[in-house]
Amino acid sequence: MIRYSTSELRAALAVPVAGDLPVPLTGPYLDGLWAEIRAEAALGADTAVPSWSLFHGYERTGDRMPYEQPYFARRGRLNALAAAAWRDGDPAVLDDLADMVWSVCDEYTWAVPAHAYLVAGTDRTMVQCVDLFAAETAHSLAEIVTLVGDRLPAAVTDRARTEVRRRVLAPLFGSEESWPWESVANNWAAVCAGAAGMAALALMTDPDELTAAVERCLRILEVYLSGLGSDGACVEGVNYWVYGFGYFTYFAEALRARTGLDLLRDIPLATAAAAFPAAIDIGAGQFVTFADSSRGTPLPTGLISRLRERLGTPVPGAAQVPRFGADHCHRWAHLSRTLTWPDEEVINATSPEGATWLPDAAWLVDRRTIDGVQIAFAAKGGHNDESHNHLDLGHFTLSADGEELLADLGAGSYSHGYFGPDRYTRFLHPSAQAHSVPVVSGLAQQPGRAARAVVLNVRADDGGCALDLDLSAAYEGRQVVRSFVWQPDGRLRLTDAFDTATRVEELFISRLEPQLAEGTATWTGTSAGVTMSYDAAAWRPAVERVETVGHFGEPETMYRLRLHALESPGISSAVFELAVVPSVPSRVG
C-alpha cells in the first residue's frame with residue numbers, strides 16, 4: 001500500500017531542510033481561540049509534576065481520571081504557552097514556557113499508568129514506555145523547541161531534545177524489538193507512529209537514522225490502514241477517526257513538507273477515509289455514536305481544512321469555530337494545525353443530506369430535513385470483534401437535529417477492566433443490554449469475530465433505505481433476521497424474524513424516558529419525538545431506568561424499554577412501526 005524504496009526515502013531525507021518555519025494565522029474566526037490561548041498562558045507554568053500517589057492510584061482504584069486530568073491539564077498549559085510564544089515572542093511568556101518544558105521533562109514517565117501493561121513482564125521501564133501520550137508528548141516538545149528556536153534557553157531545548165530521544169525515539173527506533181501496538185490495526189498504530197515519526201523528522205539529522213525511523217513508521221501506518229475498509233470507515237467511531245486518521249494526516253503532511261513524498265495522494269484509501277465524518281454526520285455537530293464514540297466530538301478545524309484542500313473532501317457540518325480545550329487531551333498536533341491550516345469555509349459548512357451506505361463497515365446512515373428539522377436514521381451490521389467493539393449487530397438510532405431519540409450511549413468510562421475479558425459483563429456501555437437489539441431465548445448477543453451480521457439486502461437512495469441483516473451467528477445459530485425499511489417522511493418499519501416459536505425480549509435504548517400508552521411508546525426530544533407502535537396483545541412493556549457513568553466520569557441516565565413477548569411457547573416474528581415527527585421549528589442552521 002505504501003511503496004517508497006529505501007533509496008528513494010534516503011535521497012529525499014538527505015536534502016537539508018529549507019524554507020521558513022510555519023507561522024500561526026490570525027483572523028476573526030480565530031480571535032476567540034487566541035483569546036483563550038492567551039488567558040491560559042497568563043496562568044504561567046504549571047510545575048506541579050504528578051505525584052507518586054496519583055500515579056499509583058490507578059493500580060489501587062482502577063480510576064484513570066485522578067492522574068490523567070492533571071496530566072492533560074499540564075499539556076494544555078504547555079500548548080498555550082508554546083502557541084503564545086510562537087506567535088508573540090513575549091519574554092515573560094518565553095520564561096514560563098521554559099519552565100513548563102523543563103517541568104514536563106521532570107515527569108517520571110510520559111506514559112499514563114493505565115498503559116503500564118505495555119512494559120509489564122519486559123526489560124523495558126515506564127520511563128521509556130512508548131504509549132499514545134508519550135509519543136504525543138515527544139512530538140509536542142520536539143516541534144515546540146524547533147518552532148520557538150533560540151528564543152528558549154539552550155539548556156532547555158537541549159534537555160527537551162535529549163528527553164525526547166531517551167524516552168521515545170530510542171526505545172522505538174533504536175531497538176528491533178516491537179511494541180504491541182505496532183501490529184494492531186487501530187488508532188494506536190497511527191498515533192504512536194505518526195507522533196513519533198514527526199518527532200524524528202523534527203530532531204534527527206543523520207539521513208540513515210532518519211530513513212530507518214521513517215521506514216518503520218510507514219510499516220506501522222500500513223498496519224493502521226489495513227484496519228480501514230475500502231469504504232474508509234473507522235468502526236471505532238468518529239473520535240478515533242479524528243485521532244488515528246488525524247495523526248496519519250499530520251505525519252503525511254510533515255513528510256511531504258520535508259521530502260515531497262505525498263502519502264495522501266499516493267494512497268487511494270486516504271480519500272475514502274477522509275470522507276468518513278461527512279458520511280456519518282447527523283446534524284448539529286453530532287455524529288453516529290456506534291462503538292466507543294463520544295457525543296459532540298470536535299473536529300479539528302485545521303485537519304478538516306487540509307483534507308478539503310488536498311483531497312477535495314466533503315465537509316461535515318460539525319467543524320465549529322475552534323476553541324481551546326475542545327480536545328480534552330490537549331494534543332499539540334490538533335491545536336498547531338488549526339492555527340496554521342484553517343479554512344473559514346470549513347467553519348461555515350452545513351450538514352449533508354441523503355443516504356450513505358458504508359459496505360465494509362455495514363453502516364447505513366440517512367439524513368432528511370422534515371419541517372425544518374434534520375432527521376437521521378442509522379443502523380449497523382459488522383461483527384462483534386471490532387476495535388472498540390460493542391455487542392450491537394442490528395442496532396439502530398434515530399435522531400433529530402443531532403439529539404438522539406433512540407440512542408447509542410457510545411463509550412463508557414475507561415476504568416480498569418473496560419478492555420479486558422469481562423468487558424461485556426461488567427460494563428454497561430459495550431454490552432448488548434445497552435443496545436436496541438433482541439434477546440432470544442434468554443440469550444443476548446455473543447462476542448467474537450464469528451458473531452457476524454450477514455447483509456442480505458441493502459438499498460440507500462432518494463426514496464429511502466432498506467437493510468436486511470442475518471444476525472443468527474451472534475445468537476449461537478438461533479435464526480434471527482432483522483429488517484429495516486426507512487421512508488423519507490421519517491417512518492421506520494422494524495421487523496425481526498425467527499426460525500421457530502421463540503421466547504423473545506426486544507430492547508429499545510434512549511436517554512429520554514419513554515411514555516407508554518396502549519400499544520405505543522413515545523420518546524420526546526427538543527425538536528421532535530418518535531412514537532413506536534406494537535401489538536399490545538403480544539407484548540408486555542417495562543421501562544427500566546439505569547444510572548451509569550459516561551466516558552468522562554459524568555453521571556448518565558439510560559432508559560431501556562424492554563418488551564416481553566407474551567405468546568407461549570414464543571413468537572416467530574415481531575413488527576414495530578416507528579414515526580419521527582417534528583414538534584417545533586428547528587433552530588439548527
# chains A, B, ... in the order shown; residues from 1 in each chain; ligands from 1

$ residues_around --residues "Leu494 of chain A" --least-positions-apart "6" --cutoff "7 Å" --atoms "only C-alpha atoms" --output "ChimeraX atom specification"
/A:483-485,575-577

$ atom_distance --atom1 "atom CA of Leu507 of chain A" --atom2 "atom CA of Ala460 of chain A"
25.3 Å

$ atom_distance --atom1 "atom CA of Leu303 of chain A" --atom2 "atom CA of Arg256 of chain A"
15.4 Å

$ closest_residue --among "A:Val214, A:Trp179, A:Glu547, A:Leu264" --to "Ala120 of chain A" --atoms "only C-alpha atoms"
A:Trp179

$ closest_residue --among "A:Ala378, A:Cys329, A:Val17, A:Leu203" --to "Thr162 of chain A" --atoms "only C-alpha atoms"
A:Leu203

$ atom_distance --atom1 "atom CA of Gly237 of chain A" --atom2 "atom CA of Leu358 of chain A"
13.3 Å

$ select_by_dssp --residues "segment 445-548 of chain A" --states "strand (DSSP E or B)" --output "ChimeraX atom specification"
/A:448-452,454-461,464-470,480-486,491-502,504-510,515-517,520-524,528-533,539-548

$ residues_around --residues "Lys380 of chain A" --least-positions-apart "2" --cutoff "12 Å" --atoms "only C-alpha atoms" --output "PyMOL selection string"
chain A and resi 235+280+288-291+356-365+377-378+382-384+390-397+408+435-437+452-455+458+466-471+482-484

$ residues_around --residues "segment 170-174 of chain A" --least-positions-apart "5" --cutoff "10 Å" --atoms "only C-alpha atoms" --output "list in words"
Arg124, Gln128, Cys129, Val130, Ala135, Glu163, Val164, Arg165, Trp179, Cys192, Ala193, Ala196, Gly197, Ala200, Glu209, Leu210, Ala212, Ala213, Val214, Glu215, Arg216 and Cys217 of chain A

$ write_last_selection --atoms "C-alpha atoms" --output "PDB file, in the first residue's frame"
ATOM      1  CA  ARG A 124      11.539  -2.014  29.500  1.00  0.00           C
ATOM      2  CA  GLN A 128      10.747   4.528  28.302  1.00  0.00           C
ATOM      3  CA  CYS A 129       7.181   3.289  27.851  1.00  0.00           C
ATOM      4  CA  VAL A 130       6.019   4.381  24.397  1.00  0.00           C
ATOM      5  CA  ALA A 135       4.540   9.682  21.628  1.00  0.00           C
ATOM      6  CA  GLU A 163      14.448  13.502  26.763  1.00  0.00           C
ATOM      7  CA  VAL A 164      12.511  13.000  23.535  1.00  0.00           C
ATOM      8  CA  ARG A 165      15.282  10.773  22.269  1.00  0.00           C
ATOM      9  CA  TRP A 179       5.829  -2.711  20.691  1.00  0.00           C
ATOM     10  CA  CYS A 192       2.183   6.367  18.016  1.00  0.00           C
ATOM     11  CA  ALA A 193       3.887   6.067  14.629  1.00  0.00           C
ATOM     12  CA  ALA A 196       6.992   9.638  16.994  1.00  0.00           C
ATOM     13  CA  GLY A 197       7.647   9.990  13.273  1.00  0.00           C
ATOM     14  CA  ALA A 200      12.029  12.160  14.392  1.00  0.00           C
ATOM     15  CA  GLU A 209      18.978   7.096  11.167  1.00  0.00           C
ATOM     16  CA  LEU A 210      16.052   9.144   9.916  1.00  0.00           C
ATOM     17  CA  ALA A 212      15.233   3.823   9.197  1.00  0.00           C
ATOM     18  CA  ALA A 213      12.848   5.660  11.526  1.00  0.00           C
ATOM     19  CA  VAL A 214      10.562   6.773   8.700  1.00  0.00           C
ATOM     20  CA  GLU A 215      10.546   3.283   7.168  1.00  0.00           C
ATOM     21  CA  ARG A 216       9.428   1.836  10.484  1.00  0.00           C
ATOM     22  CA  CYS A 217       6.692   4.457  10.764  1.00  0.00           C
TER      23      CYS A 217
END

$ residues_around --residues "Ser140 of chain A" --least-positions-apart "6" --cutoff "8 Å" --atoms "only C-alpha atoms" --output "list of chain:residue names"
A:Ala199, A:Arg331, A:Trp332, A:Ala333

$ closest_residue --among "A:Leu398, A:Met198, A:Ala190, A:Val168" --to "Ile282 of chain A" --atoms "only C-alpha atoms"
A:Leu398

$ residues_around --residues "Glu403 of chain A" --least-positions-apart "3" --cutoff "8 Å" --atoms "only C-alpha atoms" --output "number ranges by chain"
A: 286, 399-400, 525-526

$ write_last_selection --atoms "N, CA, C and O atoms" --output "JSON list (two decimals), in the first residue's frame"
[["chain", "number", "residue", "atom", "x", "y", "z"],
["A", 286, "GLN", "N", -23.09, 16.66, 15.63],
["A", 286, "GLN", "CA", -23.12, 15.30, 16.16],
["A", 286, "GLN", "C", -22.92, 14.28, 15.05],
["A", 286, "GLN", "O", -23.17, 14.55, 13.87],
["A", 399, "SER", "N", -32.45, 10.21, 15.28],
["A", 399, "SER", "CA", -32.02, 11.49, 15.81],
["A", 399, "SER", "C", -32.79, 12.63, 15.17],
["A", 399, "SER", "O", -33.28, 12.51, 14.04],
["A", 400, "ALA", "N", -32.87, 13.74, 15.88],
["A", 400, "ALA", "CA", -33.49, 14.96, 15.36],
["A", 400, "ALA", "C", -32.60, 16.14, 15.73],
["A", 400, "ALA", "O", -32.36, 16.40, 16.92],
["A", 525, "GLY", "N", -38.11, 14.50, 22.28],
["A", 525, "GLY", "CA", -36.90, 15.30, 22.38],
["A", 525, "GLY", "C", -37.20, 16.77, 22.22],
["A", 525, "GLY", "O", -38.35, 17.21, 22.28],
["A", 526, "THR", "N", -36.17, 17.55, 21.98],
["A", 526, "THR", "CA", -36.30, 19.00, 21.92],
["A", 526, "THR", "C", -37.04, 19.46, 20.67],
["A", 526, "THR", "O", -37.93, 20.32, 20.74]]

$ residues_around --residues "Asp462 of chain A" --least-positions-apart "2" --cutoff "12 Å" --atoms "only C-alpha atoms" --output "CSV table (one decimal) with N, CA, C and O atoms, in the first residue's frame"
chain,number,residue,atom,x,y,z
A,353,GLU,N,-27.0,16.0,3.4
A,353,GLU,CA,-28.3,15.2,3.5
A,353,GLU,C,-28.2,14.0,2.6
A,353,GLU,O,-27.2,13.9,1.8
A,354,GLY,N,-29.1,13.1,2.7
A,354,GLY,CA,-29.2,11.9,1.8
A,354,GLY,C,-28.7,10.7,2.5
A,354,GLY,O,-28.3,10.7,3.7
A,355,ALA,N,-28.6,9.6,1.8
A,355,ALA,CA,-28.3,8.3,2.3
A,355,ALA,C,-26.9,7.9,2.0
A,355,ALA,O,-26.3,8.2,0.9
A,356,THR,N,-26.2,7.2,3.0
A,356,THR,CA,-24.9,6.7,2.8
A,356,THR,C,-24.8,5.3,3.3
A,356,THR,O,-25.3,5.0,4.4
A,366,ASP,N,-28.9,7.8,7.0
A,366,ASP,CA,-29.8,8.6,6.1
A,366,ASP,C,-30.2,9.9,6.9
A,366,ASP,O,-30.6,9.8,8.0
A,367,ARG,N,-30.0,11.0,6.2
A,367,ARG,CA,-30.4,12.3,6.8
A,367,ARG,C,-31.4,13.0,5.9
A,367,ARG,O,-31.2,13.1,4.7
A,368,ARG,N,-32.5,13.4,6.5
A,368,ARG,CA,-33.6,14.1,5.8
A,368,ARG,C,-34.1,15.3,6.6
A,368,ARG,O,-34.2,15.2,7.8
A,459,ARG,N,-30.5,-1.1,0.4
A,459,ARG,CA,-30.9,-0.1,-0.6
A,459,ARG,C,-30.7,1.2,0.1
A,459,ARG,O,-31.2,1.4,1.3
A,460,ALA,N,-30.1,2.2,-0.5
A,460,ALA,CA,-29.9,3.5,0.0
A,460,ALA,C,-30.0,4.5,-1.1
A,460,ALA,O,-29.0,4.6,-1.9
A,464,GLY,N,-35.4,6.5,0.1
A,464,GLY,CA,-35.3,5.9,1.5
A,464,GLY,C,-34.3,4.8,1.5
A,464,GLY,O,-33.4,4.7,0.6
A,465,CYS,N,-34.4,4.0,2.6
A,465,CYS,CA,-33.4,2.9,2.8
A,465,CYS,C,-34.1,1.6,3.2
A,465,CYS,O,-35.1,1.6,3.8
A,466,ALA,N,-33.4,0.6,2.9
A,466,ALA,CA,-33.8,-0.8,3.4
A,466,ALA,C,-32.5,-1.6,3.7
A,466,ALA,O,-31.5,-1.4,3.0
A,486,TRP,N,-36.9,2.3,5.9
A,486,TRP,CA,-36.9,3.7,6.3
A,486,TRP,C,-37.4,4.5,5.2
A,486,TRP,O,-36.9,4.5,4.1
A,487,GLN,N,-38.4,5.3,5.5
A,487,GLN,CA,-39.1,6.2,4.5
A,487,GLN,C,-38.6,7.6,4.6
A,487,GLN,O,-38.2,8.1,5.7
A,488,PRO,N,-38.6,8.4,3.5
A,488,PRO,CA,-38.1,9.8,3.6
A,488,PRO,C,-39.0,10.7,4.5
A,488,PRO,O,-38.5,11.8,4.9
A,489,ASP,N,-40.2,10.3,4.8
A,489,ASP,CA,-41.0,11.1,5.7
A,489,ASP,C,-40.8,10.8,7.2
A,489,ASP,O,-41.6,11.2,8.0

$ closest_residue --among "A:Leu94, A:Leu228, A:Ala473, A:Leu221" --to "Leu263 of chain A" --atoms "only C-alpha atoms"
A:Leu221
